[in-house]
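Structure file input_10.cif with mmCIF, C-alpha atoms:
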```cif
data_my_file
loop_
_atom_site.group_PDB
_atom_site.id
_atom_site.type_symbol
_atom_site.label_atom_id
_atom_site.label_comp_id
_atom_site.auth_asym_id
_atom_site.auth_seq_id
_atom_site.Cartn_x
_atom_site.Cartn_y
_atom_site.Cartn_z
ATOM 1 C CA MET A 1 -11.605 -11.342 -8.356
ATOM 2 C CA THR A 2 -9.982 -13.009 -5.372
ATOM 3 C CA ASP A 3 -9.257 -10.883 -2.311
ATOM 4 C CA LEU A 4 -5.456 -10.918 -2.539
ATOM 5 C CA TRP A 5 -4.864 -10.553 1.201
ATOM 6 C CA GLN A 6 -7.175 -13.448 2.017
ATOM 7 C CA ARG A 7 -5.567 -15.550 -0.715
ATOM 8 C CA ASP A 8 -2.037 -14.875 0.496
ATOM 9 C CA ARG A 9 -3.051 -15.329 4.114
ATOM 10 C CA ALA A 10 -4.511 -18.754 3.326
ATOM 11 C CA CYS A 11 -1.358 -19.738 1.423
ATOM 12 C CA LYS A 12 0.931 -18.776 4.294
ATOM 13 C CA LEU A 13 -1.124 -20.260 7.138
ATOM 14 C CA GLN A 14 -0.199 -23.915 7.473
ATOM 15 C CA PRO A 15 -2.565 -26.301 9.293
ATOM 16 C CA GLY A 16 -2.021 -26.204 13.026
ATOM 17 C CA GLU A 17 0.303 -23.176 13.011
ATOM 18 C CA GLY A 18 -2.142 -20.778 14.652
ATOM 19 C CA LEU A 19 -0.234 -17.692 13.520
ATOM 20 C CA THR A 20 -1.656 -14.228 14.130
ATOM 21 C CA ASP A 21 -2.469 -12.002 11.175
ATOM 22 C CA ALA A 22 0.497 -9.828 12.145
ATOM 23 C CA ALA A 23 2.848 -12.833 11.923
ATOM 24 C CA ILE A 24 1.331 -13.894 8.606
ATOM 25 C CA ALA A 25 1.767 -10.340 7.289
ATOM 26 C CA ARG A 26 5.451 -10.386 8.243
ATOM 27 C CA ARG A 27 5.862 -13.695 6.424
ATOM 28 C CA ILE A 28 4.129 -12.403 3.280
ATOM 29 C CA GLN A 29 6.154 -9.191 3.348
ATOM 30 C CA SER A 30 9.424 -11.092 3.755
ATOM 31 C CA ASP A 31 8.532 -13.422 0.876
ATOM 32 C CA LEU A 32 7.713 -10.500 -1.422
ATOM 33 C CA GLN A 33 11.007 -8.837 -0.569
ATOM 34 C CA GLU A 34 12.982 -12.015 -1.196
ATOM 35 C CA GLN A 35 11.189 -12.618 -4.494
ATOM 36 C CA ALA A 36 12.099 -9.125 -5.682
ATOM 37 C CA ILE A 37 15.719 -9.610 -4.632
ATOM 38 C CA SER A 38 16.064 -13.027 -6.260
ATOM 39 C CA ASN A 39 14.096 -12.271 -9.432
ATOM 40 C CA ASP A 40 15.326 -10.186 -12.350
ATOM 41 C CA ALA A 41 12.567 -7.569 -12.265
ATOM 42 C CA SER A 42 13.302 -4.626 -14.540
ATOM 43 C CA THR A 43 11.153 -2.252 -12.443
ATOM 44 C CA VAL A 44 10.838 -2.127 -8.658
ATOM 45 C CA VAL A 45 8.092 -0.167 -6.892
ATOM 46 C CA LEU A 46 9.024 0.660 -3.290
ATOM 47 C CA VAL A 47 6.068 1.098 -0.925
ATOM 48 C CA GLU A 48 5.891 1.418 2.836
ATOM 49 C CA GLY A 49 3.780 -1.617 3.652
ATOM 50 C CA LEU A 50 1.417 -4.376 2.633
ATOM 51 C CA SER A 51 -1.652 -2.137 2.401
ATOM 52 C CA ASP A 52 0.024 -0.144 -0.377
ATOM 53 C CA TYR A 53 1.088 -3.369 -2.068
ATOM 54 C CA TYR A 54 -2.412 -4.840 -2.061
ATOM 55 C CA ALA A 55 -4.088 -1.631 -3.225
ATOM 56 C CA LEU A 56 -1.700 -1.232 -6.172
ATOM 57 C CA GLU A 57 -1.718 -4.916 -7.113
ATOM 58 C CA THR A 58 -5.539 -5.066 -6.990
ATOM 59 C CA LEU A 59 -5.892 -1.967 -9.164
ATOM 60 C CA ALA A 60 -3.324 -3.249 -11.652
ATOM 61 C CA ILE A 61 -5.292 -6.485 -12.045
ATOM 62 C CA ARG A 62 -8.535 -4.562 -12.480
ATOM 63 C CA CYS A 63 -6.853 -2.499 -15.213
ATOM 64 C CA GLY A 64 -5.974 -5.714 -17.050
ATOM 65 C CA ARG A 65 -2.284 -5.750 -16.151
ATOM 66 C CA ASN A 66 -0.074 -8.593 -14.950
ATOM 67 C CA LEU A 67 2.804 -6.790 -13.289
ATOM 68 C CA GLY A 68 4.843 -9.955 -12.824
ATOM 69 C CA ASN A 69 4.727 -10.669 -16.552
ATOM 70 C CA GLU A 70 5.720 -7.059 -17.195
ATOM 71 C CA GLY A 71 8.826 -7.439 -15.032
ATOM 72 C CA VAL A 72 7.455 -5.218 -12.276
ATOM 73 C CA ALA A 73 7.876 -6.068 -8.576
ATOM 74 C CA ILE A 74 6.025 -4.127 -5.874
ATOM 75 C CA VAL A 75 8.120 -4.328 -2.702
ATOM 76 C CA PRO A 76 6.542 -3.586 0.709
ATOM 77 C CA MET A 77 9.538 -2.379 2.706
ATOM 78 C CA GLY A 78 8.140 -2.853 6.206
ATOM 79 C CA GLY A 79 8.193 0.866 6.914
ATOM 80 C CA ALA A 80 9.561 3.993 5.251
ATOM 81 C CA SER A 81 12.702 3.882 7.402
ATOM 82 C CA ASN A 82 13.891 0.869 5.392
ATOM 83 C CA ILE A 83 14.059 2.743 2.099
ATOM 84 C CA ARG A 84 17.853 3.185 2.177
ATOM 85 C CA ARG A 85 18.344 -0.584 2.312
ATOM 86 C CA PHE A 86 16.200 -1.127 -0.764
ATOM 87 C CA LEU A 87 17.725 1.780 -2.663
ATOM 88 C CA THR A 88 21.125 0.203 -2.001
ATOM 89 C CA LEU A 89 19.840 -3.087 -3.429
ATOM 90 C CA PHE A 90 17.989 -1.729 -6.448
ATOM 91 C CA GLY A 91 19.367 1.775 -7.047
ATOM 92 C CA PRO A 92 22.379 3.012 -9.042
ATOM 93 C CA ALA A 93 24.890 1.369 -6.675
ATOM 94 C CA GLY A 94 23.056 -1.946 -6.828
ATOM 95 C CA ARG A 95 20.997 -3.563 -9.545
ATOM 96 C CA ASN A 96 20.244 -0.170 -11.118
ATOM 97 C CA VAL A 97 16.698 -1.008 -12.209
ATOM 98 C CA LYS A 98 13.893 1.407 -12.979
ATOM 99 C CA LEU A 99 12.515 2.603 -9.642
ATOM 100 C CA ALA A 100 9.155 3.970 -8.563
ATOM 101 C CA GLY A 101 7.360 4.251 -5.259
ATOM 102 C CA MET A 102 4.693 5.681 -3.031
ATOM 103 C CA CYS A 103 4.766 7.036 0.511
ATOM 104 C CA ASP A 104 2.696 8.817 3.126
ATOM 105 C CA GLU A 105 2.925 12.594 3.296
ATOM 106 C CA ARG A 106 4.849 12.526 6.581
ATOM 107 C CA GLU A 107 7.547 10.354 4.990
ATOM 108 C CA ALA A 108 8.091 12.453 1.859
ATOM 109 C CA ASP A 109 11.171 14.263 3.200
ATOM 110 C CA LEU A 110 12.779 10.951 4.164
ATOM 111 C CA PHE A 111 12.160 9.615 0.660
ATOM 112 C CA ARG A 112 13.641 12.767 -0.907
ATOM 113 C CA ARG A 113 16.800 12.626 1.221
ATOM 114 C CA SER A 114 17.231 8.907 0.636
ATOM 115 C CA LEU A 115 16.850 9.200 -3.126
ATOM 116 C CA GLU A 116 19.403 12.013 -3.219
ATOM 117 C CA GLN A 117 21.870 10.000 -1.115
ATOM 118 C CA ALA A 118 21.371 7.033 -3.453
ATOM 119 C CA GLY A 119 22.592 9.171 -6.349
ATOM 120 C CA LEU A 120 19.274 9.804 -8.065
ATOM 121 C CA GLY A 121 19.702 13.566 -8.286
ATOM 122 C CA CYS A 122 18.824 16.731 -6.399
ATOM 123 C CA ILE A 123 15.200 16.660 -5.257
ATOM 124 C CA SER A 124 14.161 20.082 -3.998
ATOM 125 C CA ASN A 125 10.383 19.864 -4.412
ATOM 126 C CA PRO A 126 7.526 17.369 -4.915
ATOM 127 C CA ASP A 127 7.683 17.760 -8.705
ATOM 128 C CA HIS A 128 11.224 16.419 -8.719
ATOM 129 C CA LEU A 129 10.088 13.469 -6.610
ATOM 130 C CA GLU A 130 7.318 12.659 -9.077
ATOM 131 C CA ARG A 131 9.672 12.880 -12.055
ATOM 132 C CA LEU A 132 11.602 10.029 -10.453
ATOM 133 C CA GLY A 133 8.393 8.018 -10.158
ATOM 134 C CA PHE A 134 7.730 8.549 -6.433
ATOM 135 C CA PHE A 135 4.306 9.795 -5.403
ATOM 136 C CA VAL A 136 2.941 11.030 -2.079
ATOM 137 C CA CYS A 137 -0.378 10.082 -0.438
ATOM 138 C CA VAL A 138 -2.187 12.854 1.424
ATOM 139 C CA HIS A 139 -2.133 12.046 4.295
ATOM 140 C CA ASP A 140 -1.780 8.310 3.749
ATOM 141 C CA LEU A 141 -3.278 5.496 1.681
ATOM 142 C CA GLU A 142 -6.381 5.154 3.844
ATOM 143 C CA ASP A 143 -7.144 8.875 3.567
ATOM 144 C CA GLU A 144 -6.783 8.692 -0.210
ATOM 145 C CA LEU A 145 -9.204 5.760 -0.428
ATOM 146 C CA ILE A 146 -11.702 7.374 1.934
ATOM 147 C CA ARG A 147 -11.766 10.593 -0.109
ATOM 148 C CA SER A 148 -12.115 8.748 -3.403
ATOM 149 C CA LEU A 149 -14.893 6.398 -2.321
ATOM 150 C CA GLY A 150 -16.770 8.533 0.198
ATOM 151 C CA VAL A 151 -18.191 7.524 3.560
ATOM 152 C CA ALA A 152 -21.416 5.938 2.282
ATOM 153 C CA ARG A 153 -19.692 3.607 -0.194
ATOM 154 C CA ILE A 154 -17.111 2.539 2.365
ATOM 155 C CA GLU A 155 -19.826 1.759 4.900
ATOM 156 C CA GLU A 156 -21.467 -0.455 2.296
ATOM 157 C CA VAL A 157 -18.213 -2.401 1.997
ATOM 158 C CA ILE A 158 -17.898 -2.651 5.782
ATOM 159 C CA GLU A 159 -21.492 -3.891 5.988
ATOM 160 C CA SER A 160 -20.824 -6.502 3.297
ATOM 161 C CA GLU A 161 -18.007 -7.794 5.518
ATOM 162 C CA GLY A 162 -20.353 -8.069 8.512
ATOM 163 C CA GLU A 163 -18.460 -5.420 10.472
ATOM 164 C CA LEU A 164 -20.799 -2.429 10.388
ATOM 165 C CA ALA A 165 -22.092 -3.119 13.919
ATOM 166 C CA SER A 166 -18.499 -3.152 15.166
ATOM 167 C CA PHE A 167 -17.844 0.170 13.439
ATOM 168 C CA ARG A 168 -20.999 1.704 14.911
ATOM 169 C CA GLN A 169 -19.954 0.548 18.372
ATOM 170 C CA MET A 170 -16.543 2.160 17.935
ATOM 171 C CA GLN A 171 -18.213 5.427 16.870
ATOM 172 C CA LYS A 172 -20.083 5.579 20.187
ATOM 173 C CA SER A 173 -16.927 5.710 22.310
ATOM 174 C CA ALA A 174 -16.169 9.032 23.996
ATOM 175 C CA PHE A 175 -12.948 9.425 22.029
ATOM 176 C CA HIS A 176 -14.512 8.865 18.602
ATOM 177 C CA ARG A 177 -17.795 10.762 19.079
ATOM 178 C CA VAL A 178 -15.986 14.083 18.603
ATOM 179 C CA ARG A 179 -14.047 12.944 15.526
ATOM 180 C CA THR A 180 -15.153 13.240 11.919
ATOM 181 C CA HIS A 181 -16.683 10.297 10.098
ATOM 182 C CA GLU A 182 -13.572 10.105 7.936
ATOM 183 C CA GLN A 183 -11.315 10.017 11.009
ATOM 184 C CA GLN A 184 -13.460 7.269 12.500
ATOM 185 C CA LEU A 185 -13.142 5.165 9.359
ATOM 186 C CA HIS A 186 -9.391 5.689 9.283
ATOM 187 C CA ARG A 187 -9.108 4.489 12.864
ATOM 188 C CA PHE A 188 -11.436 1.529 12.260
ATOM 189 C CA PHE A 189 -9.166 0.113 9.553
ATOM 190 C CA GLY A 190 -6.259 0.038 12.001
ATOM 191 C CA THR A 191 -7.989 -1.382 15.074
ATOM 192 C CA ARG A 192 -7.614 -5.076 14.283
ATOM 193 C CA SER A 193 -4.659 -7.034 12.945
ATOM 194 C CA GLY A 194 -5.079 -7.757 9.245
ATOM 195 C CA ARG A 195 -7.945 -5.321 8.744
ATOM 196 C CA LYS A 196 -5.857 -2.677 6.959
ATOM 197 C CA TYR A 197 -4.587 -5.192 4.408
ATOM 198 C CA ARG A 198 -8.012 -6.722 3.847
ATOM 199 C CA TYR A 199 -9.722 -3.384 3.328
ATOM 200 C CA ALA A 200 -6.930 -2.132 1.066
ATOM 201 C CA CYS A 201 -7.948 -4.990 -1.243
ATOM 202 C CA LEU A 202 -11.676 -4.569 -0.748
ATOM 203 C CA LEU A 203 -11.733 -0.810 -1.304
ATOM 204 C CA ALA A 204 -9.453 -1.026 -4.334
ATOM 205 C CA ARG A 205 -11.857 -3.591 -5.783
ATOM 206 C CA VAL A 206 -14.804 -1.174 -5.709
ATOM 207 C CA LEU A 207 -13.029 2.021 -6.752
ATOM 208 C CA ASP A 208 -14.321 3.668 -9.898
ATOM 209 C CA LEU A 209 -11.414 3.234 -12.308
ATOM 210 C CA THR A 210 -11.989 6.786 -13.516
ATOM 211 C CA ALA A 211 -11.483 8.073 -9.946
ATOM 212 C CA ILE A 212 -8.415 6.214 -8.703
ATOM 213 C CA PRO A 213 -6.559 8.271 -6.064
ATOM 214 C CA THR A 214 -3.920 10.366 -7.792
ATOM 215 C CA PRO A 215 -0.785 8.799 -6.222
ATOM 216 C CA LEU A 216 -1.910 5.254 -7.081
ATOM 217 C CA GLU A 217 -2.986 6.251 -10.580
ATOM 218 C CA ARG A 218 0.340 7.967 -11.264
ATOM 219 C CA VAL A 219 2.448 5.099 -9.936
ATOM 220 C CA LEU A 220 0.622 2.644 -12.195
ATOM 221 C CA ALA A 221 0.948 4.990 -15.164
ATOM 222 C CA TYR A 222 4.667 5.476 -14.496
ATOM 223 C CA ILE A 223 5.433 1.766 -14.515
#
```
Let me see whether you can do it: turn the structure in this file into structure tokens.
Amino acid sequence: MTDLWQRDRACKLQPGEGLTDAAIARRIQSDLQEQAISNDASTVVLVEGLSDYYALETLAIRCGRNLGNEGVAIVPMGGASNIRRFLTLFGPAGRNVKLAGMCDEREADLFRRSLEQAGLGCISNPDHLERLGFFVCVHDLEDELIRSLGVARIEEVIESEGELASFRQMQKSAFHRVRTHEQQLHRFFGTRSGRKYRYACLLARVLDLTAIPTPLERVLAYI
């Protein structure tokens, strides 16, 4: 299966443009948002960023699903703070489609308040949030993937990408020597532009489908 981030990156990078991965990511994110707005998707999945998008899309493909054909659009919002805008577009006051979503633990309260303000009911606890199709990663997507795959399997993926030496070098720094292996991996994914998106694809590709992180599994089951 094609690495979706690398595929989309190649599609968006025109010869001679010389764009950074961050600029390409913004372009991809904007295109996905515009597609969801202009298309007549019957279900919209609101996620914080591109990493969430690529992890969910990769797992859906591995499970034999074509979300586009099913009328499902996964929308990376460019940060949790943008949720009100997208609830206005797709919620009861807008297109009124079936909604679902996923967020980091630290953003759960923002999602609850925003869903209430959008007219989706009183949400007093996490169970209410899940009944509406919104699921929380503990602490975030990267932590969920690290727990599900384990350190050894993730290092195999990093080695296959030719980046294990870079990771080992990072581990030797004074700051990282006192951190756990899991914390080091989490930091590694965020230290270079584009790495988070690429590894969201790569790690989702090697996940045991019987051990998908709970928030991702429940989002896919809900839609």
Once the PyMOL selection byres ((chain A and resi 99-101) around 8) has been evaluated on this model, what residues remain selected, and can you format them as a ChimeraX atom specification? /A:43-47,90-91,97-98,102-103,132-135,219,222-223
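Residues matched by the PyMOL selection byres ((chain A and resi 175-182) around 9) in this file are Asp143, Ile146, Arg147, Gly150, Val151, Met170, Gln171, Lys172, Ser173, Ala174, Gln183, Gln184, Leu185, His186 and Arg187 of chain A.
For A:Leu129, the residues within 9 Å (counting all atoms listed in the file, excluding itself and residues fewer than 5 positions away along the chain) are A:Ala108, A:Phe111, A:Arg112, A:Leu115, A:Ile123, A:Ser124, A:Phe134, A:Phe135, A:Val136.
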Name the closest residue to A:Asp31 among the candidates A:Leu67, A:Ile61, A:Pro213, A:Pro76; distances are taken between atoms, counting all atoms listed in the file.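 Between A:Leu67, A:Ile61, A:Pro213, A:Pro76, the residue approaching A:Asp31 most closely is A:Pro76.
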Fewer than 2 positions away in the same chain doesn't count, so skip those; otherwise give me all residues within 9 Å of stretch 54-56 of chain A, counting all atoms listed in the file, as an MDAnalysis selection string. chainID A and resid 4:5 50:52 58:61 74 141 197:205 216:217 219:220
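Each of A:Arg192, A:Cys63, A:Glu48, A:Ile28 was compared to A:Cys137 using only C-alpha atoms, and A:Glu48 turns out to be the nearest.
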Residues within 12 Å of A:Arg84, please, as number ranges by chain. Count all atoms listed in the file; anything in the same chain fewer than 2 positions from it doesn't count. A: 46, 77, 79-82, 86-91, 93-94, 110-119
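Taking atom CA of A:Gly68 and atom CA of A:Ser148 as the two end points, the separation is 26.9 Å.
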Rounded to one decimal place, report the atom CA of A:Arg153-atom CA of A:Ala165 distance in Å.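 Rounded to one decimal, the two atoms are 15.8 Å apart.
Counting all atoms listed in the file and comparing A:Phe189, A:Glu130, A:Ile83, A:Asp109, the residue that lies closest to A:Arg218 is A:Glu130.
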Atom pair atom CA of A:Glu17 / atom CA of A:Ala36: separation (Å): 26.2 Å
Would you write out, as a ChimeraX atom specification, every residue that the PyMOL selection byres ((chain A and resi 26) around 12) captures in this file? /A:8-9,12-13,19-25,27-33,49-50,76-79,193-194,197
